[in-house]
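K.L.:
Pasting coords-v5.cif here (mmCIF, C-alpha atoms and all ligand atoms):
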data_input
loop_
_atom_site.label_atom_id
_atom_site.label_comp_id
_atom_site.auth_asym_id
_atom_site.auth_seq_id
_atom_site.Cartn_x
_atom_site.Cartn_y
_atom_site.Cartn_z
CA MET M 21 0.00 0.00 0.00
CA HIS M 22 1.29 3.45 -0.90
CA HIS M 23 1.21 5.94 1.97
CA PRO M 24 0.90 9.49 0.79
CA GLN M 25 4.15 11.37 0.94
CA VAL M 26 5.58 14.75 0.15
CA GLY M 27 6.20 15.05 -3.57
CA ASP M 28 3.18 12.98 -4.56
CA SER M 29 0.73 14.44 -7.00
CA LEU M 30 -2.58 15.46 -5.44
CA ASP M 31 -4.22 13.14 -7.98
CA GLU M 32 -2.73 10.13 -6.17
CA LEU M 33 -4.30 10.99 -2.83
CA ASP M 34 -7.05 8.72 -1.57
CA THR M 35 -10.35 10.33 -0.59
CA PRO M 36 -11.95 11.77 1.39
CA SER M 37 -8.93 13.85 2.37
CA MET M 38 -8.55 17.26 3.92
CA ILE M 39 -6.39 19.31 1.58
CA VAL M 40 -4.85 22.75 2.05
CA ASP M 41 -3.87 25.16 -0.70
CA LEU M 42 -0.61 26.40 0.80
CA THR M 43 -0.40 29.54 -1.30
CA LEU M 44 -3.83 30.68 -0.15
CA MET M 45 -3.15 29.73 3.48
CA GLU M 46 0.12 31.65 3.52
CA GLU M 47 -1.61 34.67 2.00
CA ASN M 48 -4.27 34.52 4.72
CA ILE M 49 -1.62 34.43 7.44
CA ASP M 50 0.44 37.23 5.89
CA ARG M 51 -2.59 39.42 5.31
CA LEU M 52 -3.82 39.11 8.88
CA MET M 53 -0.41 39.56 10.47
CA GLN M 54 0.32 42.59 8.30
CA ARG M 55 -2.93 44.27 9.35
CA PHE M 56 -2.28 43.88 13.05
CA ARG M 57 1.39 44.78 12.75
CA GLU M 58 0.24 48.11 11.32
CA LYS M 59 -2.24 48.51 14.15
CA LYS M 60 0.41 47.51 16.73
CA ILE M 61 -1.91 44.93 18.28
CA HIS M 62 -0.72 41.50 19.38
CA VAL M 63 -2.15 38.47 17.61
CA ARG M 64 -2.70 35.37 19.71
CA PRO M 65 -4.43 33.10 17.18
CA HIS M 66 -6.97 30.64 18.45
CA LEU M 67 -5.38 27.25 17.85
CA LYS M 68 -8.63 25.37 18.39
CA THR M 69 -9.12 25.85 14.65
CA VAL M 70 -5.87 24.27 13.44
CA LYS M 71 -5.21 21.81 16.30
CA SER M 72 -1.72 21.38 14.91
CA PRO M 73 1.63 22.33 16.47
CA GLU M 74 3.17 22.65 12.98
CA LEU M 75 0.63 25.24 12.02
CA ALA M 76 0.98 26.96 15.39
CA ARG M 77 4.70 27.25 14.67
CA ARG M 78 3.99 28.83 11.30
CA LEU M 79 1.69 31.36 12.95
CA LEU M 80 4.35 32.18 15.55
CA ALA M 81 6.99 32.53 12.84
CA ALA M 82 4.68 34.98 11.08
CA GLY M 83 4.50 37.17 14.16
CA ALA M 84 1.92 35.73 16.59
CA VAL M 85 2.82 36.42 20.24
CA GLY M 86 1.53 33.03 21.40
CA GLY M 87 -1.61 31.01 21.00
CA CYS M 88 -5.04 30.51 22.50
CA VAL M 89 -6.43 27.05 23.07
CA ALA M 90 -9.89 26.10 24.23
CA LYS M 91 -9.05 23.15 26.45
CA VAL M 92 -6.33 21.79 28.74
CA SER M 93 -5.93 18.75 26.49
CA GLU M 94 -5.21 21.02 23.50
CA ALA M 95 -2.67 22.89 25.63
CA GLU M 96 -0.98 19.57 26.45
CA VAL M 97 -0.53 18.78 22.75
CA MET M 98 0.87 22.23 21.99
CA ALA M 99 3.13 22.37 25.05
CA GLN M 100 4.61 18.98 24.29
CA GLU M 101 5.83 20.46 21.02
CA GLY M 102 7.29 23.50 22.75
CA ILE M 103 4.42 25.89 22.07
CA ASP M 104 3.64 27.00 25.58
CA ASP M 105 2.89 30.72 25.58
CA LEU M 106 -0.77 29.84 25.71
CA LEU M 107 -4.01 31.27 26.98
CA ILE M 108 -6.67 28.66 27.74
CA THR M 109 -9.85 30.55 26.91
CA THR M 110 -12.35 28.25 28.62
CA GLU M 111 -12.95 28.06 32.38
CA ILE M 112 -11.16 25.09 33.99
CA VAL M 113 -13.35 23.36 36.51
CA GLY M 114 -13.24 20.04 38.35
CA LYS M 115 -10.50 18.03 40.05
CA PRO M 116 -9.38 15.91 37.07
CA LYS M 117 -8.86 18.94 34.86
CA LEU M 118 -7.22 21.02 37.59
CA SER M 119 -4.80 18.22 38.28
CA ARG M 120 -3.89 18.02 34.57
CA LEU M 121 -3.41 21.78 34.51
CA VAL M 122 -1.12 21.70 37.52
CA THR M 123 1.02 18.99 35.93
CA LEU M 124 1.17 21.03 32.75
CA ILE M 125 2.22 24.31 34.30
CA GLN M 126 4.95 22.65 36.34
CA HIS M 127 6.94 22.60 33.10
CA HIS M 128 5.11 25.34 31.21
CA PRO M 129 4.67 28.29 33.55
CA ARG M 130 3.69 30.74 30.81
CA ILE M 131 0.25 29.15 30.40
CA LYS M 132 -2.54 31.51 31.43
CA VAL M 133 -6.15 30.71 32.22
CA VAL M 134 -9.48 32.50 32.58
CA ILE M 135 -11.79 32.55 35.59
CA ASP M 136 -15.38 33.70 36.01
CA SER M 137 -16.47 32.34 39.40
CA PHE M 138 -15.48 32.37 43.06
CA ILE M 139 -15.63 28.57 43.18
CA GLY M 140 -13.52 28.23 40.05
CA ALA M 141 -10.91 30.70 41.33
CA GLN M 142 -10.80 29.16 44.77
CA GLU M 143 -10.43 25.57 43.55
CA LEU M 144 -7.73 26.63 41.12
CA ASN M 145 -5.90 28.33 43.98
CA THR M 146 -6.21 25.22 46.16
CA ALA M 147 -4.86 22.93 43.42
CA LEU M 148 -1.91 25.26 42.88
CA HIS M 149 -1.28 25.59 46.61
CA GLU M 150 -0.85 21.84 46.96
CA ALA M 151 1.76 21.92 44.16
CA GLN M 152 3.32 25.21 45.33
CA LEU M 153 2.76 26.82 41.94
CA GLU M 154 1.33 30.11 40.73
CA ILE M 155 -0.51 31.10 37.58
CA ASP M 156 -1.51 34.22 35.66
CA VAL M 157 -5.25 34.57 35.28
CA LEU M 158 -7.61 36.73 33.26
CA ILE M 159 -11.14 37.54 34.30
CA ASP M 160 -13.56 36.33 31.64
CA LEU M 161 -16.24 38.95 30.92
CA ASN M 162 -19.60 38.48 29.32
CA VAL M 163 -19.68 41.24 26.72
CA GLY M 164 -22.92 40.06 25.15
CA GLN M 165 -22.46 36.48 24.00
CA ASN M 166 -24.20 35.21 27.13
CA ARG M 167 -21.96 32.19 27.39
CA CYS M 168 -19.37 32.27 30.18
CA GLY M 169 -18.07 35.39 31.87
CA VAL M 170 -18.96 37.67 34.75
CA LEU M 171 -20.79 40.89 34.00
CA PRO M 172 -18.60 43.87 33.18
CA GLY M 173 -18.22 46.46 35.95
CA LYS M 174 -19.16 45.57 39.51
CA GLU M 175 -19.16 41.77 39.16
CA ALA M 176 -15.72 41.83 37.57
CA LEU M 177 -14.39 44.12 40.30
CA THR M 178 -15.77 41.85 43.02
CA LEU M 179 -14.11 38.80 41.45
CA ALA M 180 -10.84 40.72 41.10
CA HIS M 181 -10.88 41.64 44.81
CA TYR M 182 -11.68 38.03 45.69
CA CYS M 183 -8.81 36.90 43.49
CA SER M 184 -6.36 39.21 45.23
CA LYS M 185 -6.87 37.14 48.40
CA LEU M 186 -5.81 33.97 46.57
CA PRO M 187 -2.00 33.96 46.67
CA HIS M 188 -1.47 31.48 43.85
CA LEU M 189 -3.42 33.50 41.27
CA HIS M 190 -2.06 36.65 39.63
CA LEU M 191 -4.61 38.72 37.84
CA VAL M 192 -3.02 40.06 34.65
CA GLY M 193 -5.92 40.82 32.36
CA VAL M 194 -9.44 40.51 31.05
CA GLN M 195 -10.94 38.49 28.23
CA GLY M 196 -14.23 39.45 26.59
CA TYR M 197 -15.02 37.41 23.50
CA GLU M 198 -17.94 38.57 21.35
CA GLY M 199 -18.63 35.28 19.61
CA HIS M 200 -22.22 36.25 18.89
CA LEU M 201 -21.11 39.00 16.51
CA GLN M 202 -18.62 37.14 14.31
CA HIS M 203 -20.98 36.25 11.48
CA ILE M 204 -23.15 39.35 11.23
CA HIS M 205 -23.26 40.13 7.51
CA SER M 206 -23.78 43.88 7.68
CA PRO M 207 -20.37 45.51 8.37
CA GLU M 208 -22.13 48.52 9.92
CA GLU M 209 -24.11 46.40 12.35
CA ARG M 210 -21.11 44.20 13.17
CA THR M 211 -19.00 47.29 13.84
CA GLN M 212 -21.61 49.08 15.89
CA ARG M 213 -22.40 46.09 18.10
CA CYS M 214 -18.73 45.23 18.43
CA HIS M 215 -18.06 48.78 19.66
CA GLN M 216 -20.68 48.26 22.37
CA ALA M 217 -18.93 45.06 23.46
CA MET M 218 -15.51 46.74 23.38
CA ARG M 219 -16.84 49.60 25.49
CA LEU M 220 -17.88 47.10 28.19
CA LEU M 221 -14.52 45.36 28.01
CA THR M 222 -12.27 48.42 28.01
CA GLU M 223 -14.28 50.29 30.63
CA THR M 224 -14.00 47.32 32.97
CA ALA M 225 -10.26 47.13 32.30
CA ALA M 226 -10.01 50.83 33.20
CA GLN M 227 -12.05 50.36 36.40
CA LEU M 228 -9.84 47.47 37.45
CA ARG M 229 -6.70 49.52 36.85
CA PHE M 230 -8.26 52.40 38.81
CA GLU M 231 -8.63 50.04 41.77
CA GLY M 232 -4.98 49.07 41.50
CA PHE M 233 -5.11 45.83 39.50
CA PRO M 234 -2.29 45.50 36.96
CA ILE M 235 -4.36 44.76 33.86
CA GLU M 236 -1.80 44.24 31.10
CA VAL M 237 -3.83 42.03 28.77
CA VAL M 238 -7.16 42.98 27.23
CA THR M 239 -7.93 40.16 24.83
CA THR M 240 -10.84 39.59 22.47
CA GLY M 241 -11.87 39.22 18.86
CA GLY M 242 -12.39 36.49 16.27
CA THR M 243 -12.02 36.44 12.50
CA GLY M 244 -15.19 38.50 12.03
CA THR M 245 -14.40 41.25 14.53
CA ALA M 246 -10.68 41.33 15.32
CA GLU M 247 -9.96 44.41 13.23
CA ILE M 248 -12.90 46.31 14.66
CA CYS M 249 -11.70 45.39 18.16
CA ALA M 250 -8.16 46.49 17.37
CA ASP M 251 -9.31 49.87 16.05
CA TYR M 252 -11.45 50.58 19.10
CA GLY M 253 -8.55 51.48 21.38
CA GLY M 254 -7.68 49.85 24.70
CA ILE M 255 -7.41 46.33 23.31
CA THR M 256 -3.98 44.71 23.57
CA GLU M 257 -4.47 41.45 21.67
CA VAL M 258 -6.87 39.62 19.35
CA GLN M 259 -7.66 35.89 19.09
CA PRO M 260 -8.82 35.06 15.54
CA GLY M 261 -8.62 31.42 14.48
CA SER M 262 -10.69 30.63 11.39
CA PHE M 263 -8.99 33.18 9.09
CA ILE M 264 -6.20 30.72 8.29
CA PHE M 265 -8.53 28.44 6.29
CA MET M 266 -11.91 30.19 6.34
CA ASP M 267 -15.25 28.49 5.59
CA THR M 268 -18.41 29.40 3.70
CA ASP M 269 -20.10 30.79 6.80
CA TYR M 270 -17.32 33.36 7.28
CA ARG M 271 -16.94 34.04 3.54
CA ASN M 272 -20.66 34.77 3.27
CA ALA M 273 -20.41 37.22 6.16
CA LEU M 274 -17.08 38.90 5.40
CA GLY M 275 -16.65 38.61 1.66
CA PRO M 276 -13.26 37.81 0.16
CA THR M 277 -11.15 39.23 3.02
CA TYR M 278 -9.47 35.86 3.45
CA ALA M 279 -9.51 32.96 0.99
CA ASN M 280 -11.05 29.52 1.43
CA ALA M 281 -7.76 27.63 1.67
CA LEU M 282 -9.00 24.26 2.91
CA THR M 283 -11.31 21.81 1.17
CA ILE M 284 -12.32 18.20 1.46
CA LEU M 285 -11.30 16.24 -1.61
CA SER M 286 -13.78 13.51 -2.47
CA THR M 287 -14.68 11.08 -5.23
CA VAL M 288 -17.92 10.50 -7.12
CA ILE M 289 -18.69 6.86 -6.30
CA SER M 290 -22.13 6.53 -7.85
CA ARG M 291 -24.21 8.30 -10.49
CA PRO M 292 -27.67 6.78 -10.06
CA THR M 293 -29.69 9.37 -12.02
CA PRO M 294 -28.90 12.33 -14.31
CA THR M 295 -29.47 14.72 -11.42
CA ARG M 296 -27.89 12.81 -8.57
CA ALA M 297 -24.27 12.00 -7.87
CA VAL M 298 -23.01 10.33 -4.73
CA ILE M 299 -19.61 11.14 -3.22
CA ASP M 300 -17.59 9.46 -0.49
CA ALA M 301 -17.79 12.32 2.03
CA GLY M 302 -20.65 12.31 4.53
CA LEU M 303 -21.18 13.41 8.11
CA LYS M 304 -17.88 11.87 9.23
CA SER M 305 -15.96 14.07 6.77
CA LEU M 306 -17.87 17.35 6.73
CA SER M 307 -19.70 19.10 9.56
CA ILE M 308 -23.09 20.65 8.82
CA ASP M 309 -23.75 22.62 12.03
CA SER M 310 -23.33 25.87 10.08
CA GLY M 311 -25.13 24.81 6.93
CA MET M 312 -24.16 22.71 3.95
CA PRO M 313 -20.62 22.55 2.57
CA GLU M 314 -20.26 23.93 -0.94
CA PRO M 315 -19.06 21.98 -3.98
CA LYS M 316 -16.13 24.09 -5.19
CA GLY M 317 -16.37 25.48 -8.71
CA LEU M 318 -19.69 23.74 -9.37
CA PRO M 319 -22.35 26.46 -9.36
CA GLY M 320 -25.86 25.09 -9.15
CA ILE M 321 -24.83 21.79 -7.60
CA GLU M 322 -25.81 21.32 -3.98
CA TYR M 323 -24.41 19.02 -1.34
CA GLN M 324 -26.29 17.26 1.38
CA PRO M 325 -25.08 14.42 3.58
CA GLY M 326 -26.34 11.00 2.56
CA GLY M 327 -25.52 9.53 5.96
CA ASP M 328 -22.25 9.05 7.77
CA GLU M 329 -20.14 8.06 4.79
CA HIS M 330 -21.93 9.41 1.71
CA GLY M 331 -22.67 12.82 0.30
CA ILE M 332 -25.41 13.48 -2.24
CA LEU M 333 -25.03 16.09 -4.95
CA THR M 334 -28.13 17.36 -6.68
CA TRP M 335 -28.58 19.71 -9.60
CA THR M 336 -30.54 22.93 -9.14
CA LYS M 337 -32.17 24.75 -12.04
CA ILE M 338 -29.31 27.23 -12.29
CA ALA M 339 -26.69 24.52 -12.71
CA ASP M 340 -24.25 25.29 -15.50
CA PRO M 341 -24.43 22.23 -17.78
CA ALA M 342 -20.84 22.76 -18.89
CA GLN M 343 -19.60 22.35 -15.34
CA ALA M 344 -22.26 19.97 -14.16
CA HIS M 345 -20.95 16.95 -15.96
CA LEU M 346 -19.78 14.46 -13.34
CA GLU M 347 -18.83 10.84 -13.90
CA VAL M 348 -18.14 8.00 -11.52
CA GLY M 349 -14.50 8.42 -10.49
CA ASP M 350 -14.40 12.21 -10.86
CA ARG M 351 -12.94 14.06 -7.92
CA ILE M 352 -14.45 17.21 -6.49
CA GLU M 353 -13.66 19.54 -3.58
CA LEU M 354 -16.09 20.67 -0.89
CA ILE M 355 -15.59 23.94 0.98
CA PRO M 356 -16.56 23.39 4.63
CA SER M 357 -19.32 25.53 6.10
CA HIS M 358 -17.69 25.47 9.56
CA ILE M 359 -13.94 25.01 9.65
CA ASP M 360 -13.30 24.03 13.29
CA THR M 361 -15.80 21.21 13.45
CA THR M 362 -14.68 19.89 10.05
CA VAL M 363 -10.95 19.90 10.84
CA ASN M 364 -11.68 17.93 14.00
CA LEU M 365 -12.98 15.05 11.84
CA HIS M 366 -9.69 14.43 10.04
CA ASP M 367 -6.36 12.83 10.93
CA HIS M 368 -4.15 14.80 8.56
CA TYR M 369 -3.80 17.95 6.55
CA TYR M 370 -2.49 17.32 3.06
CA ALA M 371 -0.92 20.60 2.07
CA TYR M 372 -0.20 21.19 -1.61
CA ARG M 373 1.19 23.70 -4.04
CA ASP M 374 0.94 23.48 -7.81
CA GLY M 375 -0.86 20.15 -7.54
CA MET M 376 1.90 18.50 -5.52
CA LEU M 377 1.92 17.50 -1.84
CA GLU M 378 4.34 19.74 0.02
CA ALA M 379 3.56 18.79 3.62
CA ILE M 380 1.51 16.34 5.65
CA TRP M 381 0.60 17.54 9.12
CA PRO M 382 -1.22 15.45 11.70
CA VAL M 383 -4.23 17.10 13.33
CA ALA M 384 -2.50 16.32 16.59
CA ALA M 385 -5.12 17.81 18.88
CA ARG M 386 -7.98 16.19 17.02
CA GLY M 387 -10.64 15.08 19.47
CA LYS M 388 -8.96 16.89 22.36
CA VAL M 389 -12.07 18.27 23.99
CA GLN M 390 -11.21 17.79 27.66
C1 LIG M 401 -12.73 32.59 23.12
C2 LIG M 401 -12.56 32.56 21.65
N1 LIG M 401 -11.70 33.40 21.06
C3 LIG M 401 -11.49 33.40 19.73
C4 LIG M 401 -12.16 32.52 18.90
C5 LIG M 401 -11.79 32.50 17.43
O1 LIG M 401 -12.80 32.71 16.61
P1 LIG M 401 -12.76 32.45 15.02
O2 LIG M 401 -12.33 31.04 14.77
O3 LIG M 401 -14.16 32.66 14.69
O4 LIG M 401 -11.81 33.41 14.46
C6 LIG M 401 -13.10 31.65 19.45
C7 LIG M 401 -13.87 30.75 18.58
O5 LIG M 401 -14.88 30.22 18.89
C8 LIG M 401 -13.29 31.65 20.86
O6 LIG M 401 -14.15 30.80 21.44
#
Can you give me the file's structure in the form of structure tokens?
Ligand SMILES: Cc1ncc(COP(=O)(O)O)c(C=O)c1O

P.N.:
Amino acid sequence: MHHPQVGDSLDELDTPSMIVDLTLMEENIDRLMQRFREKKIHVRPHLKTVKSPELARRLLAAGAVGGCVAKVSEAEVMAQEGIDDLLITTEIVGKPKLSRLVTLIQHHPRIKVVIDSFIGAQELNTALHEAQLEIDVLIDLNVGQNRCGVLPGKEALTLAHYCSKLPHLHLVGVQGYEGHLQHIHSPEERTQRCHQAMRLLTETAAQLRFEGFPIEVVTTGGTGTAEICADYGGITEVQPGSFIFMDTDYRNALGPTYANALTILSTVISRPTPTRAVIDAGLKSLSIDSGMPEPKGLPGIEYQPGGDEHGILTWTKIADPAQAHLEVGDRIELIPSHIDTTVNLHDHYYAYRDGMLEAIWPVAARGKVQ
């Protein structure tokens, strides 16, 4: 059996496979880094998108100050590969996870975490006390997403004062992620609502500083809002993740700001009727939580999953007959609708340039949800 290797033609790759157009990916990285370099804002990309230390290294080489991860288990994968200037952006709760965190920061003291509760802060402090370790923490603020986070203002100040009594925690900043605004199509509405969120975040940072807390980090922003956040003033770093590959959900909201650099390569395995083709990529290859993936370069042909292992392509009235001709054995690409949940389904990235495999990267943190 031939295992894919660097130098192979893309045509030799088995399907379904997750493939990356390196030229487009590198342009996405350069474009984003350039924008924030000009704005003098730190970029701490969210690595929950790529789940790959190799790609994290590329982002760092391009100018990122460190990375965000969502979970302790993702941090473990990154830290093992020497990427350990990390912010874990999700609250860490419960003995098993705290014990993993403590083990991790014994060797990787630059890892920072967020807190949003007295119980969470206190149990973190206790776990660190037992190991005689300390950690930098950020208060997580709810700036409108209504997920985690204390309310800006008084609640944040109360948690900060509580935190100051916990000797193993050092409050260094605030996080306020406006996830609910990322995909708003109207730039005016996205900007206006993002400004409201940034006002809550930066005002709370100012209040905390006024009360003597050394707030050095004010972190926020995803692919849809990072630039708006950066321009607001008072933000020190942004956390975009999806920009590196994009997806149709973001493209539909933001336009061609960044290119769709990742697709799922698949094969037509059956052609039962003139208006139905079946491909080998179903729910186990492509997520559909943000709508249907899009057949690339095939206007008028729509994808829907045909179960776990199959995808069904159907022809709409506007299908261009010249492009709509598909035979058993033809290979097509699907652009994911949601990049993070699609990447997490695959073992490897097959990165290519000019039709030839240039790199194969494991999705090393695939399935790391703890
Ligand atoms: C806390 C936090 N920051 C940043 C991001 C990055 O967002 P995106 O991948 O949309 O750029 C996410 C994504 O969900 C997130 O949860």

K.L.:
With all atoms of ligand LIG 401 (chain M) from the file as input, state the centre and edge lengths in Å to one decimal of the axis-aligned box that has 3 Å extra on each side, as lines of an AutoDock Vina configuration file.

P.N.:
center_x = -13.2
center_y = 31.8
center_z = 18.8
size_x = 9.4
size_y = 9.2
size_z = 14.7

K.L.:
Taking all atoms listed in the file into account, list the residues no farther than 6 Å from ligand LIG 401 (chain M), as a ChimeraX atom specification.

P.N.:
/M:66,109,197,241-243,259-262

K.L.:
Suppose we keep C-alpha atoms; can you now write the selection as a JSON list (two decimals), in the coordinates of the input?

P.N.:
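Result file out19.json:
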[["chain", "number", "residue", "atom", "x", "y", "z"],
["M", 66, "HIS", "CA", -6.97, 30.64, 18.45],
["M", 109, "THR", "CA", -9.85, 30.55, 26.91],
["M", 197, "TYR", "CA", -15.02, 37.41, 23.50],
["M", 241, "GLY", "CA", -11.87, 39.22, 18.86],
["M", 242, "GLY", "CA", -12.39, 36.49, 16.27],
["M", 243, "THR", "CA", -12.02, 36.44, 12.50],
["M", 259, "GLN", "CA", -7.66, 35.89, 19.09],
["M", 260, "PRO", "CA", -8.82, 35.06, 15.54],
["M", 261, "GLY", "CA", -8.62, 31.42, 14.48],
["M", 262, "SER", "CA", -10.69, 30.63, 11.39]]

K.L.:
Can you list, as a PyMOL selection string, every protein, DNA or RNA residue that comes within 10 Å of stretch 208-210 of chain M when you count all atoms listed in the file, leaving out same-chain residues fewer than 6 positions away?

P.N.:
chain M and resi 200-202+244-245+248+273

K.L.:
List the neighbours of M:Thr110 out to 8 Å using only C-alpha atoms; skip same-chain residues closer than 5 positions along the sequence, and give me the result as a list in words.

P.N.:
Ala90, Lys91, Val133 and Val134 of chain M

K.L.:
Could you build a table of the residues in stretch 182-228 of chain M lying no more than 7 Å from stretch 137-158 of chain M, giving for each the nearest pair of atoms and their separation in Å rounded to one decimal place, using only C-alpha atoms, ordered by chain and ascending residue number, as CSV?

P.N.:
residue,atom,partner,partner_atom,distance
M:Cys183,CA,M:Ala141,CA,6.9
M:Leu186,CA,M:Asn145,CA,6.2
M:His188,CA,M:Glu154,CA,4.4
M:Leu189,CA,M:Ile155,CA,5.3
M:His190,CA,M:Asp156,CA,4.7
M:Leu191,CA,M:Val157,CA,4.9
M:Val192,CA,M:Leu158,CA,5.8
M:Gly193,CA,M:Leu158,CA,4.5
M:Val194,CA,M:Leu158,CA,4.7
M:Gln195,CA,M:Leu158,CA,6.3

K.L.:
Mind listing as a list in words all residues within 7 Å of (-7.8, 36.7, 2.0), counting all atoms listed in the file?

P.N.:
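It turns out the residues near that spot are Glu47, Asn48, Arg51, Pro276, Thr277, Tyr278 and Ala279 of chain M.
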
K.L.:
At a cut-off of 9 Å, using all atoms listed in the file, what residues contact M:Asp28? Leave out same-chain residues fewer than 5 positions from it and give the result as a ChimeraX atom specification.

P.N.:
/M:33,375-378
